[in-house]
>>> print(open('my_file10.tsv').read())   # TSV, C-alpha atoms
chain	number	residue	atom	x	y	z
Y	25	MET	CA	11.79	17.44	-6.78
Y	26	GLY	CA	12.62	16.97	-10.48
Y	27	ILE	CA	11.90	13.86	-12.49
Y	28	PHE	CA	15.58	12.81	-12.54
Y	29	SER	CA	15.78	13.06	-8.75
Y	30	ARG	CA	12.61	10.99	-8.34
Y	31	ILE	CA	14.00	8.26	-10.59
Y	32	LEU	CA	17.26	8.12	-8.63
Y	33	LYS	CA	15.30	8.00	-5.38
Y	34	SER	CA	13.18	5.12	-6.65
Y	35	ILE	CA	16.27	3.18	-7.74
Y	36	PHE	CA	18.47	3.60	-4.70
Y	37	MET	CA	15.98	3.84	-1.84
Y	38	PRO	CA	14.53	0.49	-0.67
Y	39	PRO	CA	10.78	0.13	-1.46
Y	40	GLU	CA	9.91	-0.43	2.20
Y	41	VAL	CA	11.50	2.92	3.13
Y	42	ILE	CA	9.56	4.75	0.43
Y	43	GLY	CA	6.39	3.02	1.65
Y	44	LYS	CA	6.97	4.06	5.26
Y	45	GLN	CA	7.42	7.67	4.17
Y	46	GLY	CA	3.99	7.54	2.54
Y	47	GLU	CA	2.41	6.12	5.69
Y	48	LEU	CA	3.88	8.90	7.83
Y	49	LEU	CA	2.61	11.58	5.45
Y	50	ALA	CA	-0.87	10.01	5.44
Y	51	SER	CA	-0.79	9.88	9.24
Y	52	SER	CA	0.04	13.60	9.40
Y	53	LYS	CA	-3.12	14.27	7.34
Y	54	LEU	CA	-5.13	12.46	10.01
Y	55	GLY	CA	-3.56	14.74	12.61
Y	56	TRP	CA	-4.94	17.77	10.80
Y	57	ILE	CA	-8.43	16.35	10.38
Y	58	LYS	CA	-8.55	15.56	14.10
Y	59	PHE	CA	-7.58	19.18	14.74
Y	60	TRP	CA	-10.74	20.29	12.90
Y	61	GLY	CA	-13.00	18.21	15.16
Y	62	TYR	CA	-13.21	14.90	13.30
Y	63	ASP	CA	-11.85	13.05	16.28
Y	64	GLY	CA	-10.64	9.48	16.55
Y	65	MET	CA	-7.75	7.23	17.55
Y	66	VAL	CA	-4.96	6.27	15.14
Y	67	LEU	CA	-2.94	3.05	14.92
Y	68	HIS	CA	0.05	2.35	12.65
Y	69	ASN	CA	1.21	-0.97	11.17
Y	70	VAL	CA	-1.36	-3.30	12.69
Y	71	TYR	CA	-0.60	-7.00	12.15
Y	72	ILE	CA	-3.95	-8.80	12.10
Y	73	PRO	CA	-3.84	-12.62	12.51
Y	74	LYS	CA	-5.28	-14.86	9.79
Y	75	ARG	CA	-6.81	-18.31	10.20
Y	76	ASN	CA	-3.72	-20.07	8.81
Y	77	GLY	CA	-1.40	-18.55	11.42
Y	78	GLU	CA	-0.06	-15.82	9.13
Y	79	THR	CA	-0.70	-12.08	9.50
Y	80	THR	CA	-1.92	-9.26	7.27
Y	81	GLU	CA	-0.45	-5.78	7.85
Y	82	ILE	CA	-2.69	-2.70	7.85
Y	83	ASP	CA	-0.86	0.58	7.25
Y	84	LEU	CA	-3.21	2.88	9.19
Y	85	LEU	CA	-6.43	2.62	11.19
Y	86	PHE	CA	-8.55	5.64	12.13
Y	87	ILE	CA	-11.08	4.53	14.78
Y	88	THR	CA	-13.94	7.01	15.08
Y	89	GLU	CA	-17.56	7.36	16.14
Y	90	LYS	CA	-18.50	6.69	12.48
Y	91	GLY	CA	-16.61	3.41	12.36
Y	92	ILE	CA	-13.09	2.41	11.29
Y	93	PHE	CA	-11.27	3.94	8.33
Y	94	VAL	CA	-8.92	1.24	7.00
Y	95	ILE	CA	-6.17	3.03	5.11
Y	96	GLU	CA	-3.77	1.48	2.58
Y	97	SER	CA	-0.97	3.89	1.62
Y	98	LYS	CA	0.75	3.73	-1.79
Y	99	ASN	CA	3.68	6.13	-2.19
Y	100	TYR	CA	4.08	5.87	-5.98
Y	101	SER	CA	4.94	8.42	-8.68
Y	102	GLY	CA	3.77	8.71	-12.28
Y	103	TYR	CA	0.44	7.89	-13.92
Y	104	ILE	CA	-1.65	5.24	-12.15
Y	105	PHE	CA	-3.82	2.83	-14.15
Y	106	GLY	CA	-6.03	0.26	-12.44
Y	107	ASN	CA	-9.40	-1.42	-12.20
Y	108	GLU	CA	-11.01	-2.84	-9.06
Y	109	LEU	CA	-11.60	-6.11	-10.96
Y	110	TYR	CA	-7.99	-6.62	-12.09
Y	111	LYS	CA	-5.25	-8.26	-10.02
Y	112	THR	CA	-2.43	-5.97	-11.16
Y	113	TRP	CA	-2.28	-2.17	-11.44
Y	114	THR	CA	0.37	-0.12	-13.24
Y	115	SER	CA	2.35	3.03	-12.55
Y	116	THR	CA	4.05	4.65	-15.55
Y	117	LEU	CA	6.80	7.22	-15.16
Y	118	TYR	CA	8.41	9.38	-17.82
Y	119	ALA	CA	12.14	8.62	-17.67
Y	120	GLY	CA	13.62	11.05	-20.19
Y	121	LYS	CA	14.63	10.12	-23.71
Y	122	THR	CA	16.76	7.49	-25.35
Y	123	TRP	CA	20.03	8.38	-27.10
Y	124	TYR	CA	18.11	8.70	-30.40
Y	125	GLY	CA	15.46	11.05	-28.94
Y	126	ALA	CA	12.49	8.73	-28.35
Y	127	LYS	CA	10.43	9.16	-25.20
Y	128	LYS	CA	11.30	6.61	-22.52
Y	129	VAL	CA	8.62	5.38	-20.11
Y	130	GLU	CA	9.18	3.04	-17.17
Y	131	LYS	CA	6.31	0.78	-16.08
Y	132	TYR	CA	5.90	-0.45	-12.52
Y	133	HIS	CA	3.33	-3.16	-11.74
Y	134	PHE	CA	1.84	-3.72	-8.30
Y	135	TYR	CA	-0.88	-5.81	-6.63
Y	136	ASN	CA	-4.41	-4.35	-6.68
Y	137	PRO	CA	-4.53	-2.20	-3.48
Y	138	ILE	CA	-8.33	-2.52	-3.29
Y	139	TRP	CA	-8.00	-6.30	-3.07
Y	140	GLN	CA	-5.21	-5.83	-0.54
Y	141	ASN	CA	-7.38	-3.65	1.68
Y	142	LYS	CA	-10.35	-5.99	1.25
Y	143	THR	CA	-8.24	-8.74	2.83
Y	144	HIS	CA	-7.31	-6.39	5.69
Y	145	ILE	CA	-10.96	-5.61	6.40
Y	146	LYS	CA	-12.01	-9.26	6.22
Y	147	TYR	CA	-9.64	-10.35	8.97
Y	148	LEU	CA	-10.15	-7.18	11.00
Y	149	LYS	CA	-13.88	-7.93	11.14
Y	150	GLU	CA	-13.15	-11.52	12.19
Y	151	LEU	CA	-11.00	-10.21	15.01
Y	152	LEU	CA	-13.57	-7.64	16.21
Y	153	THR	CA	-16.62	-9.92	16.26
Y	154	GLU	CA	-17.79	-8.38	19.54
Y	155	TRP	CA	-18.90	-5.26	17.66
Y	156	ASP	CA	-20.75	-4.64	14.40
Y	157	ILE	CA	-18.51	-1.88	13.07
Y	158	PRO	CA	-18.80	-0.04	9.74
Y	159	MET	CA	-15.45	-0.12	7.94
Y	160	TYR	CA	-14.41	2.16	5.09
Y	161	SER	CA	-11.72	1.15	2.62
Y	162	LEU	CA	-9.42	4.08	1.76
Y	163	VAL	CA	-6.55	3.65	-0.71
Y	164	VAL	CA	-4.32	6.73	-0.52
Y	165	PHE	CA	-1.77	7.48	-3.25
Y	166	SER	CA	1.10	9.97	-3.25
Y	167	ASP	CA	0.55	13.55	-4.39
Y	168	ARG	CA	3.41	12.91	-6.84
Y	169	CYS	CA	1.20	10.65	-8.97
Y	170	GLU	CA	-1.86	11.18	-11.15
Y	171	LEU	CA	-4.79	8.74	-11.06
Y	172	LYS	CA	-5.00	8.61	-14.84
Y	173	ASP	CA	-7.46	5.74	-15.32
Y	174	VAL	CA	-8.75	4.09	-12.14
Y	175	THR	CA	-12.10	2.24	-12.21
Y	176	ILE	CA	-13.97	1.56	-8.96
Y	177	ASN	CA	-17.15	-0.52	-8.81
Y	178	SER	CA	-17.88	-0.66	-5.06
Y	179	ASP	CA	-19.68	2.10	-3.15
Y	180	ASP	CA	-17.64	1.57	0.03
Y	181	VAL	CA	-14.20	1.90	-1.59
Y	182	TYR	CA	-12.38	5.22	-2.02
Y	183	VAL	CA	-9.19	5.78	-4.04
Y	184	PHE	CA	-7.58	9.21	-4.06
Y	185	ARG	CA	-4.37	11.19	-3.62
Y	186	ARG	CA	-3.05	12.20	-0.22
Y	187	ASN	CA	-4.03	15.87	-0.56
Y	188	GLU	CA	-7.67	14.76	-0.94
Y	189	MET	CA	-7.69	12.68	2.24
Y	190	ASN	CA	-9.41	15.23	4.47
Y	191	PHE	CA	-12.11	15.83	1.84
Y	192	TYR	CA	-13.03	12.14	1.58
Y	193	ILE	CA	-13.03	11.50	5.33
Y	194	LYS	CA	-15.19	14.59	5.92
Y	195	SER	CA	-17.58	13.46	3.18
Y	196	ILE	CA	-17.95	9.97	4.65
Y	197	TRP	CA	-18.31	11.49	8.11
Y	198	LYS	CA	-21.10	13.78	6.93
Y	199	HIS	CA	-23.19	11.02	5.33
Y	200	CYS	CA	-22.78	8.29	7.97
Y	201	ASP	CA	-24.41	7.84	11.36
Y	202	SER	CA	-22.43	7.84	14.59
Y	203	VAL	CA	-22.35	4.27	15.89
Y	204	LEU	CA	-19.48	4.09	18.39
Y	205	THR	CA	-19.19	5.76	21.78
Y	206	GLU	CA	-15.92	7.13	23.17
Y	207	GLU	CA	-15.78	4.17	25.54
Y	208	THR	CA	-16.18	1.65	22.69
Y	209	ILE	CA	-13.56	3.46	20.60
Y	210	SER	CA	-11.10	3.16	23.50
Y	211	GLU	CA	-11.90	-0.54	23.93
Y	212	ILE	CA	-11.31	-1.26	20.24
Y	213	TYR	CA	-8.12	0.80	20.24
Y	214	ASN	CA	-6.72	-1.04	23.28
Y	215	GLN	CA	-7.55	-4.41	21.79
Y	216	LEU	CA	-5.83	-3.60	18.50
Y	217	LEU	CA	-2.86	-1.91	20.18
Y	218	SER	CA	-1.47	-5.31	21.16
Y	219	PHE	CA	-1.18	-6.17	17.46
Y	220	THR	CA	1.12	-3.24	16.71
Y	221	ASN	CA	4.03	-3.88	19.06
Y	222	LEU	CA	5.08	-7.25	17.68
Y	223	GLU	CA	8.48	-8.75	18.32
Y	224	GLU	CA	10.97	-8.22	15.52
Y	225	THR	CA	11.08	-11.96	14.79
Y	226	LEU	CA	7.31	-12.02	14.15
Y	227	ILE	CA	7.53	-9.02	11.83
Y	228	ASP	CA	10.40	-10.69	9.95
Y	229	SER	CA	8.26	-13.82	9.66
Y	230	HIS	CA	5.43	-11.75	8.17
Y	231	VAL	CA	7.77	-10.25	5.56
Y	232	ASP	CA	9.32	-13.62	4.73
Y	233	THR	CA	5.89	-15.15	4.19
Y	234	ILE	CA	4.97	-12.42	1.72
Y	235	LYS	CA	8.24	-12.82	-0.18
Y	236	LYS	CA	7.82	-16.60	-0.46
Y	237	LYS	CA	4.28	-16.21	-1.77
Y	238	LEU	CA	5.33	-13.67	-4.34
Y	239	GLN	CA	8.32	-15.71	-5.46
Y	240	SER	CA	6.21	-18.84	-5.83
Y	241	THR	CA	3.90	-17.02	-8.27
Y	242	ASP	CA	6.74	-15.54	-10.36
Y	243	THR	CA	6.06	-12.10	-8.90
Y	244	CYS	CA	8.71	-9.67	-7.68
Y	245	PRO	CA	8.73	-9.59	-3.84
Y	246	TRP	CA	9.94	-5.97	-3.82
Y	247	CYS	CA	7.43	-4.26	-6.10
Y	248	GLY	CA	4.90	-6.80	-7.38
Y	249	GLY	CA	6.15	-6.77	-10.98
Y	250	ASN	CA	6.61	-9.89	-13.10
Y	251	LEU	CA	9.81	-11.94	-12.92
Y	252	VAL	CA	11.39	-12.33	-16.36
Y	253	LEU	CA	13.98	-14.92	-17.39
Y	254	ARG	CA	17.15	-13.11	-18.45
Y	255	THR	CA	20.80	-13.80	-19.30
Y	256	ALA	CA	23.68	-11.84	-17.79
Y	257	ARG	CA	25.68	-10.07	-20.52
Y	258	LYS	CA	28.63	-8.71	-18.56
Y	259	GLY	CA	30.85	-9.43	-15.58
Y	260	ILE	CA	31.85	-12.69	-13.96
Y	261	HIS	CA	28.31	-14.06	-14.37
Y	262	ALA	CA	28.11	-13.39	-18.13
Y	263	GLY	CA	26.10	-16.11	-19.85
Y	264	GLU	CA	24.34	-17.23	-16.67
Y	265	ARG	CA	20.54	-17.10	-16.54
Y	266	PHE	CA	18.48	-15.50	-13.76
Y	267	TYR	CA	15.05	-14.03	-13.03
Y	268	GLY	CA	14.94	-10.22	-13.01
Y	269	CYS	CA	12.08	-7.83	-12.29
Y	270	SER	CA	10.17	-6.50	-15.32
Y	271	ASN	CA	10.34	-3.05	-13.68
Y	272	TYR	CA	14.14	-2.82	-14.05
Y	273	PRO	CA	15.88	-0.37	-13.65
Y	274	MET	CA	13.24	1.08	-11.27
Y	275	CYS	CA	13.44	-2.21	-9.36
Y	276	ARG	CA	16.66	-4.26	-9.26
Y	277	TYR	CA	15.42	-7.47	-7.64
Y	278	ILE	CA	17.20	-10.64	-8.86
Y	279	LYS	CA	16.26	-14.27	-8.23
Y	280	ASN	CA	19.05	-16.72	-8.95
Y	281	ILE	CA	18.32	-20.02	-10.69
>>> encode(input="my_file10.tsv", output="structure tokens")
Amino acid sequence: MGIFSRILKSIFMPPEVIGKQGELLASSKLGWIKFWGYDGMVLHNVYIPKRNGETTEIDLLFITEKGIFVIESKNYSGYIFGNELYKTWTSTLYAGKTWYGAKKVEKYHFYNPIWQNKTHIKYLKELLTEWDIPMYSLVVFSDRCELKDVTINSDDVYVFRRNEMNFYIKSIWKHCDSVLTEETISEIYNQLLSFTNLEETLIDSHVDTIKKKLQSTDTCPWCGGNLVLRTARKGIHAGERFYGCSNYPMCRYIKNI
């Protein structure tokens, strides 16, 4: 797919749809690794309860004899810049040239996925207190991006592109002891299964909670970028002020004043 097609796709396809595509592709990678003997049970979109009554959504869980691989999928394009210690990461995408020939680059900001997965693991451990389970944090990016400058400080955190997924899981598998039996894996799977088939109203509540939090901190609820005060220049709303996403035109979220 060419760069122009990717830009159009990013503009017109809702972020949640793009995200789900990434999760499905990551899940297919797990299917192949299971085929080669690294067996386990997979769960998608697990909504883990938090102490305050809210939920945190885990994209993928791979429950194995080595422990649980907690997978956060990011289906972004462009160059990825990030540091485990920083709240916000950045994706930059070449977007052609301006009318006078200068290179045009679009920047897309998003919440630190390592922090995001750390929250997932925290509440997952609180839920599974019956077992002492090793958990591995895997942040999986699209093959369409390049991890240009990503700094990781923790030994139990792995950030890589989707085509490297099998390599990292095999490496962890090789260097870690087997701690869970088939029976225990099934018990954990069955317990967590009930947190995947939530009613639509509960899922909507989860999404609404995230949006309200992001809006209250002047952060775009669609992509995690900053909300910027702007003034409409054209149309029936010309002269009116509103908050728009700093990632425009890649993200077209608008918050009315």
>>> closest_residue(input="my_file10.tsv", among="Y:Phe165, Y:Tyr272, Y:Tyr118, Y:Phe266", to="Y:Phe184", atoms="all atoms listed in the file")
Y:Phe165
>>> residues_around(input="my_file10.tsv", residues="stretch 81-97 of chain Y", least_positions_apart="6", cutoff="8 Å", atoms="all atoms listed in the file", output="NGL selection string")
:Y and (43 or 46-47 or 50-51 or 54 or 63-72 or 137 or 141 or 144-145 or 157-165 or 197 or 200-206 or 209 or 212-213)
>>> atom_distance(input="my_file10.tsv", atom1="atom CA of Y:Ser115", atom2="atom CA of Y:Gly268")
18.3 Å
>>> closest_residue(input="my_file10.tsv", among="Y:Cys244, Y:Cys275, Y:Leu152, Y:Leu49", to="Y:Thr208", atoms="only C-alpha atoms")
Y:Leu152
>>> residues_around(input="my_file10.tsv", residues="Y:Val252", least_positions_apart="5", cutoff="10 Å", atoms="all atoms listed in the file", output="PyMOL selection string")
chain Y and resi 242-244+266-271+278-279
>>> atom_distance(input="my_file10.tsv", atom1="atom CA of Y:Ser195", atom2="atom CA of Y:Glu170")
21.4 Å
>>> residues_around(input="my_file10.tsv", residues="Y:Glu108", least_positions_apart="4", cutoff="10 Å", atoms="all atoms listed in the file", output="list in words")
Thr112, Trp113, Asn136, Pro137, Ile138, Trp139, Val174, Thr175, Ile176, Asn177, Ser178 and Val181 of chain Y
>>> closest_residue(input="my_file10.tsv", among="Y:Val183, Y:Met189, Y:Gln215, Y:Ser101", to="Y:Thr153", atoms="all atoms listed in the file")
Y:Gln215
>>> atom_distance(input="my_file10.tsv", atom1="atom CA of Y:Gly55", atom2="atom CA of Y:Ser218")
21.9 Å
>>> residues_around(input="my_file10.tsv", residues="Y:Leu171", least_positions_apart="5", cutoff="8 Å", atoms="all atoms listed in the file", output="list in words")
Tyr103, Ile104, Phe105, Phe184 and Arg185 of chain Y
>>> closest_residue(input="my_file10.tsv", among="Y:Arg75, Y:Arg168, Y:Lys53, Y:Arg276", to="Y:Lys98", atoms="all atoms listed in the file")
Y:Arg168
